[in-house]
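First up is the structure itself, then whatever we jot down about it.
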Amino acid sequence: MTNHDILLRKCEHAFEFAGRQLERLVTTYPDFFPMYTQQGKWKHSGEAWTNWCEGFLGGQLWLMYQHSGQEIWRERAEHYSRLIEHRKTDRSVHDLGFLFWSTWKRWYDVTGEATVNQVVIEAGRTLALRFKEKGRYLRSFVAEDSLFIDIMMNVGIIFYAAQQTGDANLWRIANEHCLTTRRYLVRGDGSTAHEGLFNTETGEFIRQSTHQGWRDDSSWARGLTWALYGFGTAYYFSRDARFLATAQACADYYIAHTPAHGIPPNDWDEPNPPYPYESSAAAIAASGLFNLARLSGEPARTWLYRDYALRIVDTLTEPEFLAIDTPEWEGILKHGIYHQRKKLGVDESTMWGDHFFLEALAKAIKALGEME
Ligand code: GLY
């Protein structure tokens with residue numbers, strides 16, 4: 001068997017394992033939306049910090065449906081999508097892309113139903129209400145003066161709503177948010193800051209900051225992968241070459257600073273990090289790199305990004321990461337980190353890690369099929 005065939009088989013096995021874990025999750029804890037595990041268990045009393053993960057279960061169920069074609073997954077996916085419909089008008093979080101792109105957008109892609117699309121568009125319109133004209137950014141959930149790198153993963157739903165409706169103001173908001181993030185949160189070496197703080201009276205940028213990284217001037221790995229993926233999405237919608245260049249700079253930083261197995265620590269700059277891996281960042285990077293491989297248009301980059309994404313998937317499908325040999329473990333992917341400073345979900349499974357891992361697996365299977 002060739003390396004190519006071995007990896008394809010690992011991806012198929014990982015999907016089967018994910019199906020068993022998801023089946024166990026929705027039957028053991030019906031209508032429960034987990035965020036991260038505690039000692040491998042989804043249900044616990046640990047705090048959420050913010051409610052941004054309720055789309056990732058429905059998202060995984062849609063991915064299971066798209067992979068398997070089995071109606072049971074579609075029924076579950078629709079059910080868990082409906083449970084979050086009311087969040088389309090939620091103005092308390094900056095995460096409506098995470099919630100609705102993972103769920104209702106996939107639902108629309110499957111059915112083409114206009115009423116389903118309207119929910120996605122409304123979520124995009126709601127998110128756009130966070131725009132601060134002074135400073136030109138979508139504010140984070142923590143405060144008016146705060147811009148998060150994470151919002152790059154959500155701004156795509158505003159581009160989409162603008163495209164669907166022809167609303168030029170929505171387009172302007174999405175575009176300006178990306179330009180502001182690029183200018184103040186992405187550094188010259190392709191690393192990223194987690195947060196930017198602004199003077200809300202004047203719009204003046206004050207400084208970079210962090211919540212989940214090591215230091216204000218350091219490189220929190222997941223934040224960079226949100227940028228890698230999110231600027232790729234911004235380029236997909238806008239075809240603005242600056243966004244592609246930014247996504248590529250983030251990708252090149254990731255590749256240059258991560259060990260050969262492809263899995264970064266929580267923060268590349270932290271000396272002697274207490275945990276060697278932040279697997280959710282690797283899953284996001286893999287999925288984002290598969291996108292960039294298709295978007296870049298340069299053969300050398302296409303090969304580099306696709307091969308590196310396959311390398312990450314190869315590592316994440318080993319039993320060190322895939323919880324396949326840990327029978328009591330309820331998640332899919334081990335060794336993720338949510339919030340190291342707050343000690344939330346450290347060296348655990350996370351819902352977004354599992355979600356983007358499944359998304360990366362689907363893209364890996366497609367890419368391997370095309371390479372045959
Ligand atoms: N708040 C999003 C994240 O933890 O990546």
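Residues in the structure tokens are named by chain (A, B, ... in the order shown) and by number from 1 within that chain; ligands are numbered from 1 in the order shown.
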
With 8 Å as the cut-off and only C-alpha atoms and all ligand atoms counted, what is the closest atom pair between each nearby residue of chain A and ligand 1? Distances in Å to one decimal, ordered by chain and number, as CSV.
```
residue,atom,partner,partner_atom_place_in_ligand_line,distance
A:Thr50,CA,ligand 1,1 (N),7.3
A:Trp52,CA,ligand 1,1 (N),7.0
A:Asp150,CA,ligand 1,2 (C),5.9
A:Gln212,CA,ligand 1,4 (O),7.2
A:Arg222,CA,ligand 1,5 (O),6.0
A:Gly223,CA,ligand 1,5 (O),6.4
A:Trp226,CA,ligand 1,5 (O),7.7
A:Tyr338,CA,ligand 1,4 (O),5.5
A:His339,CA,ligand 1,4 (O),6.7
```

Close residues, region 59-62 of chain A itself excluded, 8 Å, only C-alpha atoms, min 6 positions apart in chain, as an MDAnalysis selection string: chainID A and resid 22 73:74 76:77 102:103 106:107 354:355 358

For region 289-306 of chain A: contacts at 8 Å, only C-alpha atoms, fewer than 5 positions along chain excluded, given as a list in words: Leu228, Tyr229, Gly232, Tyr236, Leu244, Ala247, Gln248, Ala251, Ala360, Lys363, Ala364 and Ala367 of chain A

Residues as selected, C-alpha atoms, written as a compact mmCIF listing (two decimals), in the first residue's frame, can you do that?
```txt
# COMPACT_ATOMS: atom_id res chain seq x y z
CA LEU A 228 -4.83 32.22 8.01
CA TYR A 229 -8.26 30.74 7.30
CA GLY A 232 -8.34 33.28 2.76
CA TYR A 236 -12.40 34.26 -1.80
CA LEU A 244 -4.47 36.63 -0.07
CA ALA A 247 -3.35 34.73 4.55
CA GLN A 248 -0.17 33.45 2.89
CA ALA A 251 0.51 30.30 6.56
CA ALA A 360 -10.01 19.02 7.21
CA LYS A 363 -10.87 18.13 2.32
CA ALA A 364 -7.98 15.65 2.70
CA ALA A 367 -7.40 16.17 -2.26
```

Nearest residue to Ser280 (chain A) from the set A:Arg239, A:Lys334, A:His4, A:Lys88 (distances using only C-alpha atoms):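 Among A:Arg239, A:Lys334, A:His4, A:Lys88, it is A:Lys334 that comes nearest to Ser280 (chain A).
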
Atomic separation - CA of Arg341 (chain A) relative to CA of Gln38 (chain A), Å: 15.7 Å

12 Å contact set for Ala48 (chain A), only C-alpha atoms, chain neighbours under 4 positions out, as a list in words: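 Listed by chain and then number, they are Phe33, Pro34, Met35, Tyr36, Thr37, Lys43, His44, Trp52, Cys53, Glu54, Tyr338, His339, Lys342, Lys343, Leu344, Gly345 and Thr350 of chain A.
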
Every residue of region 41-246 of chain A that DSSP places in strand (DSSP E), as a PyMOL selection string: chain A and resi 131-132+137-138+146-148+195-198+205-209

Which of A:Glu359, A:Gly288, A:Phe131, A:Gln164 sits closest to Ala114 (chain A) [using only C-alpha atoms]: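 When distances to Ala114 (chain A) are compared using only C-alpha atoms, the smallest one comes from A:Gln164.
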
Residues of region 15-233 of chain A in alpha helix (DSSP H), written as JSON, numbers by chain: {"A": [15, 16, 17, 18, 19, 20, 21, 22, 23, 24, 25, 26, 27, 28, 56, 57, 58, 59, 60, 61, 62, 63, 64, 65, 66, 67, 68, 71, 72, 73, 74, 75, 76, 77, 78, 79, 80, 81, 82, 96, 97, 98, 99, 100, 101, 104, 105, 106, 107, 108, 109, 110, 111, 114, 115, 116, 117, 118, 119, 120, 121, 122, 123, 124, 125, 126, 127, 128, 156, 157, 158, 159, 160, 161, 162, 163, 164, 165, 168, 169, 170, 171, 172, 173, 174, 175, 176, 177, 178, 179, 180, 181, 182, 183, 184, 185, 221, 222, 223, 224, 225, 226, 227, 228, 229, 230, 231, 232, 233]}

Contact residues around Leu179 (chain A) with only C-alpha atoms at 9 Å, ignoring same-chain residues under 3 positions, as a list in words: Arg136, Tyr137, Ala174, Asn175, Glu176, Arg182, Arg183, Tyr184, Arg242 and Phe243 of chain A

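The closest residue to His194 (chain A), picked from A:Leu63, A:Ile255, A:Ala221, A:Ile121 and counting only C-alpha atoms, is A:Ala221.
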
Best match for closeness to His261 (chain A) among A:Tyr235, A:Trp42, A:Tyr308, A:Trp49, counting only C-alpha atoms: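 Among A:Tyr235, A:Trp42, A:Tyr308, A:Trp49, it is A:Tyr308 that comes nearest to His261 (chain A).
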
Polymer residues at most 12 Å from Pro30 (chain A), only C-alpha atoms, same-chain spacing of 5 or more positions, as a list in words: Leu22, Glu23, Arg24, Leu25, Lys43, Leu57, Arg76, His79, Tyr80 and Leu83 of chain A

Residue nearest Ala18 (chain A) among A:Cys178, A:Val93, A:Ala241, A:Leu322 (counting only C-alpha atoms):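 Selected residue with least distance to Ala18 (chain A): A:Leu322.
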
CA of Gly230 (chain A) to CA of Pro265 (chain A), distance in Å rounded to a single decimal: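 Taking CA of Gly230 (chain A) and CA of Pro265 (chain A), their separation equals 20.4 Å.
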
Separation of CA of Gly166 (chain A) from CA of Thr181 (chain A), in Å and rounded to one decimal: 23.8 Å

Nearby residues (only C-alpha atoms) at most 12 Å from Glu133 (chain A), same-chain spacing under 5 positions excluded, as a VMD selection string: chain A and resid 128 138 to 139 144 to 145 169 172 to 173 176 to 177 180 198 to 204

Write the residues you've just listed into a file as a short mmCIF file (atom, residue, chain, number, x, y, z; two decimals), in the first residue's frame, and include N, CA, C and O atoms for each of them.
```cif
data_model
loop_
_atom_site.label_atom_id
_atom_site.label_comp_id
_atom_site.auth_asym_id
_atom_site.auth_seq_id
_atom_site.Cartn_x
_atom_site.Cartn_y
_atom_site.Cartn_z
N ALA A 128 -22.91 42.57 11.52
CA ALA A 128 -22.43 43.86 11.00
C ALA A 128 -22.78 45.02 11.93
O ALA A 128 -22.14 46.08 11.89
N LEU A 138 -15.16 45.54 13.64
CA LEU A 138 -16.27 44.89 14.35
C LEU A 138 -15.78 44.63 15.77
O LEU A 138 -14.79 43.91 15.96
N ARG A 139 -16.46 45.17 16.73
CA ARG A 139 -15.97 45.07 18.12
C ARG A 139 -16.14 43.64 18.64
O ARG A 139 -17.07 42.92 18.26
N GLU A 144 -16.26 47.72 23.77
CA GLU A 144 -16.35 48.58 22.58
C GLU A 144 -15.00 48.83 21.93
O GLU A 144 -14.90 49.00 20.73
N ASP A 145 -13.95 48.88 22.78
CA ASP A 145 -12.64 49.29 22.26
C ASP A 145 -11.80 48.11 21.79
O ASP A 145 -10.63 48.27 21.47
N ASN A 169 -23.33 48.69 1.85
CA ASN A 169 -22.82 49.06 3.18
C ASN A 169 -22.31 47.84 3.93
O ASN A 169 -21.30 47.90 4.63
N ARG A 172 -18.93 47.15 2.57
CA ARG A 172 -17.94 48.12 3.09
C ARG A 172 -17.50 47.72 4.49
O ARG A 172 -16.31 47.72 4.82
N ILE A 173 -18.47 47.35 5.32
CA ILE A 173 -18.15 46.99 6.71
C ILE A 173 -17.20 45.78 6.74
O ILE A 173 -16.19 45.78 7.44
N GLU A 176 -13.71 46.85 5.36
CA GLU A 176 -12.95 47.73 6.26
C GLU A 176 -12.49 46.97 7.50
O GLU A 176 -11.38 47.19 7.99
N HIS A 177 -13.33 46.07 8.00
CA HIS A 177 -12.90 45.26 9.15
C HIS A 177 -11.63 44.48 8.81
O HIS A 177 -10.68 44.42 9.61
N THR A 180 -8.60 46.80 8.59
CA THR A 180 -8.16 47.24 9.92
C THR A 180 -7.42 46.12 10.64
O THR A 180 -6.35 46.34 11.25
N PHE A 198 -8.51 50.20 20.95
CA PHE A 198 -8.69 51.47 20.25
C PHE A 198 -9.22 52.54 21.20
O PHE A 198 -9.87 52.22 22.21
N ASN A 199 -8.99 53.79 20.86
CA ASN A 199 -9.64 54.90 21.53
C ASN A 199 -11.03 55.05 20.88
O ASN A 199 -11.11 55.35 19.68
N THR A 200 -12.09 54.81 21.64
CA THR A 200 -13.42 54.80 21.03
C THR A 200 -13.90 56.21 20.65
O THR A 200 -14.80 56.36 19.83
N GLU A 201 -13.27 57.25 21.23
CA GLU A 201 -13.66 58.63 20.89
C GLU A 201 -13.08 59.02 19.53
O GLU A 201 -13.76 59.65 18.72
N THR A 202 -11.83 58.63 19.30
CA THR A 202 -11.14 59.10 18.09
C THR A 202 -10.94 58.00 17.05
O THR A 202 -10.65 58.29 15.89
N GLY A 203 -11.03 56.74 17.47
CA GLY A 203 -10.74 55.63 16.56
C GLY A 203 -9.26 55.30 16.49
O GLY A 203 -8.85 54.38 15.77
N GLU A 204 -8.43 56.03 17.26
CA GLU A 204 -6.98 55.80 17.22
C GLU A 204 -6.64 54.40 17.76
O GLU A 204 -7.17 53.99 18.79
#
```

Distance criterion (only C-alpha atoms): nearest to Tyr277 (chain A) out of A:Phe356, A:Glu328, A:Asp347, A:Tyr253: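 Counting only C-alpha atoms, the residue closest to Tyr277 (chain A) is A:Asp347.
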